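To be precise, the following lines are run14.pdb, and they hold PDB, C-alpha atoms.
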ATOM      1  CA  MET A   1      -1.073  15.431 -21.821
ATOM      2  CA  ARG A   2      -2.758  16.050 -25.137
ATOM      3  CA  ILE A   3      -1.440  19.393 -26.351
ATOM      4  CA  GLY A   4      -2.737  21.334 -29.344
ATOM      5  CA  LEU A   5      -0.736  23.650 -31.555
ATOM      6  CA  ALA A   6      -2.968  26.123 -33.413
ATOM      7  CA  TYR A   7      -1.057  27.767 -36.252
ATOM      8  CA  ASP A   8      -1.307  29.160 -39.743
ATOM      9  CA  LEU A   9       2.325  29.067 -40.900
ATOM     10  CA  ILE A  10       5.100  26.887 -39.562
ATOM     11  CA  ARG A  11       7.996  29.102 -38.589
ATOM     12  CA  TRP A  12      11.078  27.949 -36.672
ATOM     13  CA  GLU A  13       9.177  28.556 -33.429
ATOM     14  CA  GLU A  14       6.180  26.357 -34.271
ATOM     15  CA  LYS A  15       8.414  23.521 -35.425
ATOM     16  CA  ALA A  16      10.498  23.776 -32.230
ATOM     17  CA  LEU A  17       7.359  23.708 -30.074
ATOM     18  CA  ALA A  18       5.928  20.730 -32.022
ATOM     19  CA  TYR A  19       9.128  18.671 -31.568
ATOM     20  CA  THR A  20       9.418  19.682 -27.901
ATOM     21  CA  ILE A  21       5.841  18.669 -27.107
ATOM     22  CA  LYS A  22       6.562  15.201 -28.538
ATOM     23  CA  ASP A  23      10.039  14.968 -26.941
ATOM     24  CA  LEU A  24       8.502  15.618 -23.526
ATOM     25  CA  GLY A  25       6.177  12.658 -24.027
ATOM     26  CA  HIS A  26       2.973  14.545 -24.730
ATOM     27  CA  THR A  27       0.557  13.877 -27.566
ATOM     28  CA  LEU A  28       0.680  16.609 -30.202
ATOM     29  CA  GLU A  29      -2.506  17.704 -31.950
ATOM     30  CA  LEU A  30      -1.815  20.006 -34.893
ATOM     31  CA  ILE A  31      -4.570  22.518 -35.651
ATOM     32  CA  HIS A  32      -3.838  24.134 -39.011
ATOM     33  CA  VAL A  33      -6.191  27.071 -38.555
ATOM     34  CA  PRO A  34      -6.678  28.121 -42.227
ATOM     35  CA  GLU A  35      -7.835  24.574 -43.092
ATOM     36  CA  SER A  36     -10.083  24.109 -40.030
ATOM     37  CA  VAL A  37     -13.741  24.749 -39.271
ATOM     38  CA  PHE A  38     -14.348  26.002 -35.734
ATOM     39  CA  TYR A  39     -17.774  25.481 -34.186
ATOM     40  CA  LEU A  40     -18.968  28.354 -32.027
ATOM     41  CA  THR A  41     -22.273  26.882 -30.940
ATOM     42  CA  GLU A  42     -21.710  23.174 -30.438
ATOM     43  CA  PRO A  43     -18.981  21.136 -28.761
ATOM     44  CA  THR A  44     -16.717  19.346 -31.247
ATOM     45  CA  ILE A  45     -13.291  19.374 -29.604
ATOM     46  CA  ARG A  46     -12.742  17.026 -26.702
ATOM     47  CA  GLY A  47      -9.752  15.836 -24.766
ATOM     48  CA  LEU A  48      -7.297  18.666 -25.421
ATOM     49  CA  ASP A  49      -5.642  19.645 -22.138
ATOM     50  CA  VAL A  50      -4.109  22.809 -23.515
ATOM     51  CA  THR A  51      -3.478  24.454 -26.883
ATOM     52  CA  PHE A  52      -0.699  26.833 -27.827
ATOM     53  CA  GLU A  53      -2.051  29.625 -30.033
ATOM     54  CA  ARG A  54       0.642  30.377 -32.613
ATOM     55  CA  CYS A  55      -1.089  32.062 -35.579
ATOM     56  CA  VAL A  56       1.100  34.740 -37.157
ATOM     57  CA  SER A  57      -2.067  36.544 -38.257
ATOM     58  CA  PHE A  58      -3.502  38.536 -35.340
ATOM     59  CA  TYR A  59      -7.101  38.076 -36.487
ATOM     60  CA  ARG A  60      -6.675  34.321 -37.006
ATOM     61  CA  ALA A  61      -5.111  34.097 -33.541
ATOM     62  CA  LEU A  62      -8.008  36.038 -32.054
ATOM     63  CA  ALA A  63     -10.701  34.036 -33.814
ATOM     64  CA  SER A  64      -9.181  30.613 -33.213
ATOM     65  CA  SER A  65      -8.408  31.306 -29.549
ATOM     66  CA  LEU A  66     -11.950  32.571 -29.016
ATOM     67  CA  THR A  67     -13.533  29.512 -30.608
ATOM     68  CA  LEU A  68     -11.195  27.065 -28.862
ATOM     69  CA  GLU A  69     -11.996  28.694 -25.527
ATOM     70  CA  ALA A  70     -15.699  28.496 -26.387
ATOM     71  CA  GLN A  71     -15.139  24.745 -26.749
ATOM     72  CA  GLY A  72     -13.702  24.650 -23.227
ATOM     73  CA  VAL A  73     -10.074  24.330 -24.336
ATOM     74  CA  PHE A  74      -7.410  26.086 -22.214
ATOM     75  CA  VAL A  75      -5.564  28.265 -24.715
ATOM     76  CA  VAL A  76      -2.121  29.826 -24.212
ATOM     77  CA  ASN A  77      -2.274  32.685 -24.560
ATOM     78  CA  THR A  78      -5.919  33.376 -23.832
ATOM     79  CA  PHE A  79      -8.149  35.361 -26.175
ATOM     80  CA  ASP A  80      -8.103  38.309 -23.723
ATOM     81  CA  VAL A  81      -4.305  38.334 -23.531
ATOM     82  CA  ILE A  82      -3.924  38.093 -27.320
ATOM     83  CA  ARG A  83      -6.431  40.925 -27.832
ATOM     84  CA  ASN A  84      -4.819  43.168 -25.219
ATOM     85  CA  CYS A  85      -1.307  42.546 -26.563
ATOM     86  CA  GLY A  86      -2.265  42.817 -30.242
ATOM     87  CA  ASP A  87      -3.765  46.288 -29.929
ATOM     88  CA  LYS A  88      -1.127  48.812 -28.817
ATOM     89  CA  MET A  89      -3.805  51.157 -27.515
ATOM     90  CA  LEU A  90      -5.148  48.418 -25.224
ATOM     91  CA  THR A  91      -1.651  47.312 -24.199
ATOM     92  CA  THR A  92      -0.636  50.816 -23.137
ATOM     93  CA  ALA A  93      -3.940  51.433 -21.344
ATOM     94  CA  VAL A  94      -3.812  48.113 -19.442
ATOM     95  CA  LEU A  95      -0.155  48.549 -18.437
ATOM     96  CA  ALA A  96      -0.619  52.175 -17.347
ATOM     97  CA  LYS A  97      -3.708  51.290 -15.309
ATOM     98  CA  LYS A  98      -1.728  48.592 -13.477
ATOM     99  CA  GLY A  99       1.111  51.008 -12.701
ATOM    100  CA  VAL A 100       3.621  49.610 -15.216
ATOM    101  CA  PRO A 101       5.828  52.424 -16.593
ATOM    102  CA  VAL A 102       5.100  53.095 -20.272
ATOM    103  CA  PRO A 103       6.045  55.950 -22.616
ATOM    104  CA  ARG A 104       3.682  58.920 -22.391
ATOM    105  CA  THR A 105       1.026  58.199 -25.003
ATOM    106  CA  MET A 106      -1.992  60.012 -26.433
ATOM    107  CA  ILE A 107      -4.725  59.139 -28.908
ATOM    108  CA  ALA A 108      -6.269  61.599 -31.371
ATOM    109  CA  PHE A 109      -8.639  61.248 -34.283
ATOM    110  CA  ASP A 110      -7.722  64.155 -36.527
ATOM    111  CA  LYS A 111      -4.694  66.227 -37.492
ATOM    112  CA  VAL A 112      -5.514  69.249 -35.312
ATOM    113  CA  ARG A 113      -5.860  67.171 -32.147
ATOM    114  CA  ALA A 114      -2.858  65.000 -33.077
ATOM    115  CA  LEU A 115      -0.689  68.125 -33.386
ATOM    116  CA  GLU A 116      -1.989  69.304 -30.018
ATOM    117  CA  ALA A 117      -1.078  65.949 -28.480
ATOM    118  CA  ALA A 118       2.420  66.020 -29.977
ATOM    119  CA  LYS A 119       2.992  69.574 -28.709
ATOM    120  CA  THR A 120       2.010  68.453 -25.208
ATOM    121  CA  ILE A 121       4.300  65.396 -25.337
ATOM    122  CA  GLY A 122       7.154  67.309 -26.990
ATOM    123  CA  TYR A 123       9.047  66.442 -30.192
ATOM    124  CA  PRO A 124      10.230  64.063 -31.404
ATOM    125  CA  VAL A 125       7.172  61.844 -31.147
ATOM    126  CA  VAL A 126       6.523  58.345 -32.456
ATOM    127  CA  VAL A 127       3.357  57.515 -34.390
ATOM    128  CA  LYS A 128       2.364  53.865 -34.424
ATOM    129  CA  PRO A 129      -0.424  51.852 -36.009
ATOM    130  CA  ILE A 130      -2.461  50.324 -33.189
ATOM    131  CA  TYR A 131      -2.205  46.945 -34.959
ATOM    132  CA  GLY A 132       0.879  45.584 -36.628
ATOM    133  CA  SER A 133       4.276  44.266 -35.807
ATOM    134  CA  TRP A 134       7.921  43.932 -36.783
ATOM    135  CA  GLY A 135       8.273  47.745 -36.709
ATOM    136  CA  ARG A 136       6.161  48.255 -39.798
ATOM    137  CA  MET A 137       4.495  51.637 -40.388
ATOM    138  CA  ILE A 138       6.017  53.104 -37.224
ATOM    139  CA  ALA A 139       7.251  56.643 -37.851
ATOM    140  CA  LYS A 140       9.188  59.278 -35.913
ATOM    141  CA  ALA A 141       8.233  62.914 -36.311
ATOM    142  CA  ASP A 142      11.006  65.322 -35.343
ATOM    143  CA  ASP A 143       8.822  68.391 -35.729
ATOM    144  CA  GLU A 144       5.324  69.579 -36.627
ATOM    145  CA  SER A 145       6.044  69.581 -40.361
ATOM    146  CA  SER A 146       7.125  65.907 -40.434
ATOM    147  CA  LEU A 147       4.204  64.929 -38.190
ATOM    148  CA  LEU A 148       1.774  66.588 -40.610
ATOM    149  CA  ASP A 149       3.260  64.542 -43.487
ATOM    150  CA  ILE A 150       2.870  61.317 -41.493
ATOM    151  CA  LEU A 151      -0.713  62.186 -40.499
ATOM    152  CA  ASP A 152      -1.522  62.978 -44.107
ATOM    153  CA  PHE A 153      -0.347  59.520 -45.199
ATOM    154  CA  ARG A 154      -2.268  57.890 -42.350
ATOM    155  CA  GLU A 155      -5.524  59.704 -43.088
ATOM    156  CA  ASN A 156      -5.371  58.451 -46.681
ATOM    157  CA  MET A 157      -4.915  54.812 -45.689
ATOM    158  CA  PRO A 158      -7.978  52.621 -46.297
ATOM    159  CA  SER A 159      -7.912  50.726 -42.987
ATOM    160  CA  PRO A 160     -10.068  52.501 -40.353
ATOM    161  CA  HIS A 161      -7.539  51.866 -37.605
ATOM    162  CA  PHE A 162      -5.163  54.308 -39.306
ATOM    163  CA  GLN A 163      -7.646  57.042 -38.385
ATOM    164  CA  ILE A 164      -6.697  56.480 -34.745
ATOM    165  CA  HIS A 165      -3.472  58.398 -34.206
ATOM    166  CA  TYR A 166      -1.442  56.744 -31.453
ATOM    167  CA  ILE A 167       1.207  59.301 -30.527
ATOM    168  CA  GLN A 168       3.964  58.449 -28.111
ATOM    169  CA  GLU A 169       6.914  60.024 -26.384
ATOM    170  CA  PHE A 170      10.197  59.190 -28.177
ATOM    171  CA  ILE A 171      12.547  57.318 -25.850
ATOM    172  CA  ARG A 172      16.240  58.016 -26.521
ATOM    173  CA  LYS A 173      17.524  54.450 -26.278
ATOM    174  CA  PRO A 174      21.205  53.561 -25.903
ATOM    175  CA  GLY A 175      21.280  51.854 -29.324
ATOM    176  CA  ARG A 176      19.367  48.858 -28.059
ATOM    177  CA  ASP A 177      16.183  47.680 -26.429
ATOM    178  CA  ILE A 178      15.416  44.617 -24.326
ATOM    179  CA  ARG A 179      13.264  41.605 -25.227
ATOM    180  CA  ALA A 180      12.524  39.643 -22.072
ATOM    181  CA  TYR A 181      10.473  36.458 -21.902
ATOM    182  CA  TYR A 182       7.782  36.205 -19.243
ATOM    183  CA  LEU A 183       6.640  32.629 -18.583
ATOM    184  CA  TRP A 184       4.055  32.164 -15.856
ATOM    185  CA  GLY A 185       5.696  34.529 -13.356
ATOM    186  CA  GLU A 186       9.319  33.806 -14.334
ATOM    187  CA  VAL A 187      11.824  35.596 -16.562
ATOM    188  CA  PRO A 188      14.082  32.777 -17.762
ATOM    189  CA  VAL A 189      15.928  34.574 -20.547
ATOM    190  CA  ALA A 190      16.310  37.945 -22.240
ATOM    191  CA  ILE A 191      18.190  39.526 -25.118
ATOM    192  CA  TYR A 192      19.307  42.968 -26.169
ATOM    193  CA  ARG A 193      18.339  44.007 -29.674
ATOM    194  CA  VAL A 194      21.158  46.230 -30.863
ATOM    195  CA  SER A 195      20.803  48.587 -33.798
ATOM    196  CA  ARG A 196      21.915  51.982 -35.062
ATOM    197  CA  ASN A 197      18.334  52.419 -36.269
ATOM    198  CA  TRP A 198      16.000  53.909 -33.646
ATOM    199  CA  LYS A 199      13.683  50.965 -34.483
ATOM    200  CA  THR A 200      15.350  47.972 -32.824
ATOM    201  CA  ASN A 201      13.260  45.133 -34.255
ATOM    202  CA  THR A 202      15.267  42.077 -35.278
ATOM    203  CA  ALA A 203      12.895  41.893 -38.270
ATOM    204  CA  LEU A 204      14.524  45.177 -39.360
ATOM    205  CA  GLY A 205      18.048  43.895 -38.897
ATOM    206  CA  ALA A 206      18.792  44.545 -35.209
ATOM    207  CA  ARG A 207      21.431  42.215 -33.770
ATOM    208  CA  ALA A 208      20.418  39.929 -30.889
ATOM    209  CA  GLU A 209      22.794  39.635 -27.913
ATOM    210  CA  PRO A 210      22.319  37.812 -24.606
ATOM    211  CA  ALA A 211      21.163  40.051 -21.752
ATOM    212  CA  ASN A 212      21.506  39.448 -18.026
ATOM    213  CA  LEU A 213      18.781  41.510 -16.400
ATOM    214  CA  ASP A 214      19.078  42.832 -12.871
ATOM    215  CA  GLU A 215      16.404  41.928 -10.330
ATOM    216  CA  SER A 216      14.527  45.243 -10.612
ATOM    217  CA  THR A 217      14.212  44.858 -14.396
ATOM    218  CA  LYS A 218      13.021  41.270 -13.980
ATOM    219  CA  GLU A 219      10.443  42.505 -11.461
ATOM    220  CA  LEU A 220       9.252  45.032 -14.030
ATOM    221  CA  VAL A 221       8.895  42.271 -16.645
ATOM    222  CA  ILE A 222       6.911  40.185 -14.170
ATOM    223  CA  LYS A 223       4.692  43.143 -13.309
ATOM    224  CA  ALA A 224       4.022  43.714 -17.022
ATOM    225  CA  GLY A 225       3.306  40.017 -17.635
ATOM    226  CA  GLU A 226       0.921  39.812 -14.706
ATOM    227  CA  ALA A 227      -0.796  43.043 -15.805
ATOM    228  CA  MET A 228      -1.484  41.573 -19.242
ATOM    229  CA  GLY A 229      -2.967  38.399 -17.774
ATOM    230  CA  SER A 230       0.039  36.037 -17.542
ATOM    231  CA  GLY A 231       0.967  33.179 -19.867
ATOM    232  CA  VAL A 232       3.845  33.054 -22.362
ATOM    233  CA  LEU A 233       4.820  36.578 -23.358
ATOM    234  CA  GLY A 234       7.580  38.630 -24.917
ATOM    235  CA  VAL A 235       7.981  41.904 -23.029
ATOM    236  CA  ASP A 236       9.835  44.685 -24.833
ATOM    237  CA  LEU A 237      11.523  47.310 -22.693
ATOM    238  CA  MET A 238      13.305  50.547 -23.499
ATOM    239  CA  GLU A 239      15.943  52.267 -21.376
ATOM    240  CA  ASP A 240      16.180  56.037 -21.667
ATOM    241  CA  GLU A 241      19.141  58.369 -21.099
ATOM    242  CA  ASP A 242      18.236  58.839 -17.416
ATOM    243  CA  GLY A 243      18.155  55.110 -16.679
ATOM    244  CA  ARG A 244      14.349  54.972 -16.629
ATOM    245  CA  ILE A 245      12.973  51.718 -18.105
ATOM    246  CA  VAL A 246       9.578  51.628 -19.769
ATOM    247  CA  VAL A 247       7.589  48.799 -21.333
ATOM    248  CA  SER A 248       6.919  49.467 -25.003
ATOM    249  CA  GLU A 249       5.074  46.334 -26.103
ATOM    250  CA  VAL A 250       4.002  42.905 -24.958
ATOM    251  CA  ASN A 251       3.852  40.105 -27.542
ATOM    252  CA  ALA A 252       1.362  37.278 -27.146
ATOM    253  CA  VAL A 253       2.480  35.044 -30.061
ATOM    254  CA  VAL A 254       6.098  35.601 -29.341
ATOM    255  CA  GLU A 255       9.008  34.755 -31.640
ATOM    256  CA  PHE A 256      12.191  33.353 -30.089
ATOM    257  CA  LYS A 257      14.419  31.921 -32.820
ATOM    258  CA  ASN A 258      17.114  34.598 -32.390
ATOM    259  CA  THR A 259      16.969  34.329 -28.602
ATOM    260  CA  VAL A 260      17.620  30.585 -28.711
ATOM    261  CA  ARG A 261      20.371  31.120 -31.292
ATOM    262  CA  VAL A 262      22.365  33.677 -29.274
ATOM    263  CA  THR A 263      21.710  32.440 -25.722
ATOM    264  CA  GLY A 264      21.601  28.674 -26.303
ATOM    265  CA  TYR A 265      18.707  28.586 -23.837
ATOM    266  CA  ASP A 266      16.101  25.915 -24.600
ATOM    267  CA  LEU A 267      13.136  28.268 -24.526
ATOM    268  CA  PRO A 268      10.718  25.923 -26.362
ATOM    269  CA  ARG A 269      11.245  23.306 -23.628
ATOM    270  CA  LYS A 270      10.724  25.913 -20.915
ATOM    271  CA  ILE A 271       7.542  27.175 -22.622
ATOM    272  CA  VAL A 272       6.026  23.697 -22.788
ATOM    273  CA  SER A 273       7.157  22.496 -19.343
ATOM    274  CA  SER A 274       6.186  25.694 -17.496
ATOM    275  CA  THR A 275       2.779  25.715 -19.194
ATOM    276  CA  VAL A 276       2.169  22.096 -18.175
ATOM    277  CA  GLU A 277       3.168  23.011 -14.594
ATOM    278  CA  ALA A 278       0.884  26.069 -14.647
ATOM    279  CA  LEU A 279      -1.973  23.874 -15.807
ATOM    280  CA  LYS A 280      -1.391  21.419 -12.941
ATOM    281  CA  ALA A 281      -1.209  24.191 -10.321
TER
ATOM    282  CA  MET B 282      12.823  13.386 -48.944
ATOM    283  CA  VAL B 283       9.700  13.694 -51.051
ATOM    284  CA  LYS B 284       9.958  15.193 -54.548
ATOM    285  CA  VAL B 285       7.253  17.834 -55.038
ATOM    286  CA  THR B 286       6.508  19.968 -58.085
ATOM    287  CA  CYS B 287       6.826  23.738 -57.817
ATOM    288  CA  PRO B 288       3.444  25.250 -58.856
ATOM    289  CA  ILE B 289       5.216  28.317 -60.269
ATOM    290  CA  CYS B 290       7.991  26.969 -62.524
ATOM    291  CA  GLY B 291       7.242  23.239 -62.646
ATOM    292  CA  GLY B 292      10.658  22.322 -61.220
ATOM    293  CA  LYS B 293      11.143  19.845 -58.397
ATOM    294  CA  LEU B 294      11.760  20.475 -54.692
ATOM    295  CA  ASP B 295      12.969  17.948 -52.113
ATOM    296  CA  ILE B 296      10.733  18.213 -49.046
ATOM    297  CA  PRO B 297      11.668  16.405 -45.795
ATOM    298  CA  GLU B 298       9.190  13.644 -44.946
ATOM    299  CA  ASP B 299       8.539  15.035 -41.443
ATOM    300  CA  SER B 300       7.393  18.422 -42.793
ATOM    301  CA  LEU B 301       4.136  19.868 -41.513
ATOM    302  CA  PRO B 302       1.231  21.508 -43.340
ATOM    303  CA  GLY B 303       1.790  25.256 -43.431
ATOM    304  CA  GLU B 304       5.588  24.908 -43.537
ATOM    305  CA  LEU B 305       7.325  27.366 -45.846
ATOM    306  CA  PHE B 306       9.888  26.551 -48.526
ATOM    307  CA  GLU B 307      11.798  28.663 -51.000
ATOM    308  CA  HIS B 308      12.348  27.174 -54.431
ATOM    309  CA  GLU B 309      15.966  28.075 -55.174
ATOM    310  CA  ASP B 310      15.510  27.641 -58.932
ATOM    311  CA  CYS B 311      12.749  30.224 -59.383
ATOM    312  CA  GLY B 312      12.725  32.074 -56.036
ATOM    313  CA  ALA B 313       9.082  31.281 -55.286
ATOM    314  CA  HIS B 314       8.001  31.221 -51.630
ATOM    315  CA  LEU B 315       5.858  28.132 -51.224
ATOM    316  CA  GLU B 316       3.657  26.625 -48.512
ATOM    317  CA  LEU B 317       3.233  22.906 -47.964
ATOM    318  CA  VAL B 318      -0.242  21.411 -48.213
ATOM    319  CA  ILE B 319      -0.786  17.778 -47.232
ATOM    320  CA  ASN B 320      -3.789  16.422 -49.090
ATOM    321  CA  GLU B 321      -4.790  12.915 -47.940
ATOM    322  CA  GLY B 322      -1.138  12.228 -47.174
ATOM    323  CA  ARG B 323       0.063  13.620 -50.508
ATOM    324  CA  PHE B 324       2.526  16.535 -50.428
ATOM    325  CA  GLU B 325       1.649  19.555 -52.586
ATOM    326  CA  LEU B 326       2.949  23.082 -52.707
ATOM    327  CA  LYS B 327       1.059  26.318 -53.170
ATOM    328  CA  LEU B 328       2.239  29.905 -53.435
ATOM    329  CA  ALA B 329       2.705  31.217 -49.883
ATOM    330  CA  GLU B 330       0.545  34.073 -48.642
ATOM    331  CA  GLU B 331       1.924  37.597 -48.852
ATOM    332  CA  ILE B 332       2.728  39.173 -45.479
ATOM    333  CA  ALA B 333      -0.520  40.789 -44.309
ATOM    334  CA  GLU B 334      -1.085  43.931 -42.264
ATOM    335  CA  ASP B 335      -2.037  41.931 -39.149
ATOM    336  CA  TRP B 336       0.965  39.580 -39.216
ATOM    337  CA  GLY B 337       3.472  39.707 -36.435
ATOM    338  CA  GLN B 338       4.151  38.529 -32.954
TER
END
Would you mind writing the structure in this file as structure tokens?
Amino acid sequence: MRIGLAYDLIRWEEKALAYTIKDLGHTLELIHVPESVFYLTEPTIRGLDVTFERCVSFYRALASSLTLEAQGVFVVNTFDVIRNCGDKMLTTAVLAKKGVPVPRTMIAFDKVRALEAAKTIGYPVVVKPIYGSWGRMIAKADDESSLLDILDFRENMPSPHFQIHYIQEFIRKPGRDIRAYYLWGEVPVAIYRVSRNWKTNTALGARAEPANLDESTKELVIKAGEAMGSGVLGVDLMEDEDGRIVVSEVNAVVEFKNTVRVTGYDLPRKIVSSTVEALKA
Amino acid sequence: MVKVTCPICGGKLDIPEDSLPGELFEHEDCGAHLELVINEGRFELKLAEEIAEDWGQ
């Protein structure tokens, strides 16, 4: 097959995918998005069987997946999946609508209503930017006073999306969360992300450890992956003190360097081979 | 390896020949984070982008 790799920066993941595509005997077509012109109104790309969308920038990923799809290219993940995963408000709404357990979440547009929402949910609450990643700009408010400080900062931020207050139930995790990989209906590998910090992103220093998920947790990952539209996804789950498991996020341009490092599982090969199989099905 | 000039300090970096455009390198001498550009087969380095608000996974 002729397989495209649309990217802006080459991280470990993109390099691993590029080598794997060639190792498996496919033809690799690199699409360096920042140096490309994408035609919206006329066909210019022919012969690509599938393209992996790997831009680290959400807006570049959105724009390049949209234009590649407009050219008739099958993109993994699709524009719709990238959009729904990249916006936490959309992710939560889509998952909740499909019956996937998520933390209780409310949206408000000013301080008064945000305080009302937090009172209804109960402190502590978590306030997240609807766009963003790696745990950046996510804050925990233990009480009304700290929430007011956070809201004050947010309302003075220039980006309009900070005027949407996404307020979520705080899940008391057991010092870890779960990153599970959903690949076309399968859950081949998962890790725990262990940290003393309530934010368990590996980008913030959490330690990755192999995780063996039970069948019910795998079923939950599959339900979340299907709800988001399938493809190649990183599903983040949180366990609470009562054993309840909720889905916190789904990642559409998923990183996996630490997962490969601690599990030894050849995830790049599985991503490429399962995508090729999905395309043939 | 290909010897490429650092655009920040003018020192030299050794870049593997199989490197790809967009690949990131740190220049140990000056600490600059650099991105590879391949211009008509010629390797060049430019200062890497700062992490933006919409970056992530």
Please return, as a CSV table (one decimal) with C-alpha atoms, in the frame of the given file, all residues of chain A lying within 9 Å of chain B when all atoms listed in the file are considered.
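Result saved to selection.csv:
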chain,number,residue,atom,x,y,z
A,7,TYR,CA,-1.1,27.8,-36.3
A,8,ASP,CA,-1.3,29.2,-39.7
A,9,LEU,CA,2.3,29.1,-40.9
A,10,ILE,CA,5.1,26.9,-39.6
A,11,ARG,CA,8.0,29.1,-38.6
A,15,LYS,CA,8.4,23.5,-35.4
A,30,LEU,CA,-1.8,20.0,-34.9
A,32,HIS,CA,-3.8,24.1,-39.0
A,54,ARG,CA,0.6,30.4,-32.6
A,55,CYS,CA,-1.1,32.1,-35.6
A,56,VAL,CA,1.1,34.7,-37.2
A,57,SER,CA,-2.1,36.5,-38.3
A,58,PHE,CA,-3.5,38.5,-35.3
A,59,TYR,CA,-7.1,38.1,-36.5
A,86,GLY,CA,-2.3,42.8,-30.2
A,131,TYR,CA,-2.2,46.9,-35.0
A,132,GLY,CA,0.9,45.6,-36.6
A,133,SER,CA,4.3,44.3,-35.8
A,134,TRP,CA,7.9,43.9,-36.8
A,136,ARG,CA,6.2,48.3,-39.8
A,234,GLY,CA,7.6,38.6,-24.9
A,251,ASN,CA,3.9,40.1,-27.5
A,252,ALA,CA,1.4,37.3,-27.1
A,253,VAL,CA,2.5,35.0,-30.1
A,254,VAL,CA,6.1,35.6,-29.3
A,255,GLU,CA,9.0,34.8,-31.6
Next item on the list: Have a look at CA of Ile82 (chain A) and CA of Leu62 (chain A) and let me know their distance in Å, one decimal.
Entry: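 The value is 6.6 Å.
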Next item on the list: Using only C-alpha atoms, determine which residues lie at most 7 Å from Ile296 (chain B), disregarding the query and same-chain residues fewer than 5 positions distant; provide the list as a list in words.
Entry: Met282, Val283, Lys284 and Val285 of chain B
Note to self: Env of Gly292 (chain B): 8 Å cut, atoms = all atoms listed in the file, seq-sep filter 5 positions within chain, self excluded. Answer as a PyMOL selection string.
What the structure shows: chain B and resi 286-287+310
Next item on the list: Please write as a PyMOL selection string the full residue list that the PyMOL selection byres ((chain B and resi 311-313) around 8) yields on this file.
Entry: chain B and resi 289-290+307-310+314-315+328
Check: So, counting all atoms listed in the file, which residue among A:Ile121, A:Ile171, A:Val81, A:Ala114 is closest to Arg154 (chain A)?
Finding: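 Of the candidates, the smallest distance to Arg154 (chain A) is held by A:Ala114.
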Tell me which protein, DNA and RNA residues are within 9 Å of Glu29 (chain A), counting all atoms listed in the file, leaving out same-chain ones fewer than 2 positions away, and put them as an mmCIF file with C-alpha atoms, keeping the file's coordinate frame.
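Generated output (out38.cif):
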data_model
loop_
_atom_site.group_PDB
_atom_site.id
_atom_site.type_symbol
_atom_site.label_atom_id
_atom_site.label_comp_id
_atom_site.auth_asym_id
_atom_site.auth_seq_id
_atom_site.Cartn_x
_atom_site.Cartn_y
_atom_site.Cartn_z
ATOM 1 C CA ARG A 2 -2.758 16.050 -25.137
ATOM 2 C CA ILE A 3 -1.440 19.393 -26.351
ATOM 3 C CA GLY A 4 -2.737 21.334 -29.344
ATOM 4 C CA LEU A 5 -0.736 23.650 -31.555
ATOM 5 C CA ALA A 6 -2.968 26.123 -33.413
ATOM 6 C CA ALA A 18 5.928 20.730 -32.022
ATOM 7 C CA THR A 27 0.557 13.877 -27.566
ATOM 8 C CA ILE A 31 -4.570 22.518 -35.651
ATOM 9 C CA LEU A 48 -7.297 18.666 -25.421
ATOM 10 C CA THR A 51 -3.478 24.454 -26.883
#
Next item on the list: Do a neighbour search on Glu13 (chain A) at 7 Å with all atoms listed in the file, toss out local chain neighbours closer than 3 positions, and write the hits as a PyMOL selection string.
Entry: chain A and resi 16-17+255-257
Checklist line | Expansion of the PyMOL selection byres ((chain A and resi 186) around 12) into residues, as a ChimeraX atom specification | finding: /A:180-185,187-190,215,218-226,230-235,270-271,274-275,278
Next item on the list: Have a look at CA of Val194 (chain A) and CA of Ala96 (chain A) and let me know their distance in Å, one decimal.
Entry: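 If I compute the distance from CA of Val194 (chain A) to CA of Ala96 (chain A), I get 26.3 Å.
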Would you kindly translate the PyMOL selection byres ((chain A and resi 118) around 9) into the concrete residues it picks from this file, as a PDB file with C-alpha atoms, keeping the file's coordinate frame?
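Result file is part09.pdb:
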ATOM      1  CA  MET A 106      -1.992  60.012 -26.433  1.00  0.00           C
ATOM      2  CA  ARG A 113      -5.860  67.171 -32.147  1.00  0.00           C
ATOM      3  CA  ALA A 114      -2.858  65.000 -33.077  1.00  0.00           C
ATOM      4  CA  LEU A 115      -0.689  68.125 -33.386  1.00  0.00           C
ATOM      5  CA  GLU A 116      -1.989  69.304 -30.018  1.00  0.00           C
ATOM      6  CA  ALA A 117      -1.078  65.949 -28.480  1.00  0.00           C
ATOM      7  CA  LYS A 119       2.992  69.574 -28.709  1.00  0.00           C
ATOM      8  CA  THR A 120       2.010  68.453 -25.208  1.00  0.00           C
ATOM      9  CA  ILE A 121       4.300  65.396 -25.337  1.00  0.00           C
ATOM     10  CA  GLY A 122       7.154  67.309 -26.990  1.00  0.00           C
ATOM     11  CA  TYR A 123       9.047  66.442 -30.192  1.00  0.00           C
ATOM     12  CA  PRO A 124      10.230  64.063 -31.404  1.00  0.00           C
ATOM     13  CA  VAL A 125       7.172  61.844 -31.147  1.00  0.00           C
ATOM     14  CA  ASP A 143       8.822  68.391 -35.729  1.00  0.00           C
ATOM     15  CA  GLU A 144       5.324  69.579 -36.627  1.00  0.00           C
ATOM     16  CA  LEU A 147       4.204  64.929 -38.190  1.00  0.00           C
ATOM     17  CA  ILE A 167       1.207  59.301 -30.527  1.00  0.00           C
ATOM     18  CA  GLN A 168       3.964  58.449 -28.111  1.00  0.00           C
ATOM     19  CA  GLU A 169       6.914  60.024 -26.384  1.00  0.00           C
TER      20      GLU A 169
END
Next item on the list: Have a look at CA of Tyr192 (chain A) and CA of Cys85 (chain A) and let me know their distance in Å, one decimal.
Entry: 20.6 Å
Work out where the centre of an axis-aligned box around every listed atom of region 287-298 of chain B lies and how long its edges are once 3 Å is added on each side; give both in Å to one decimal as JSON.
{"center_x": 8.2, "center_y": 21.0, "center_z": -53.8, "size_x": 15.5, "size_y": 20.7, "size_z": 23.7}
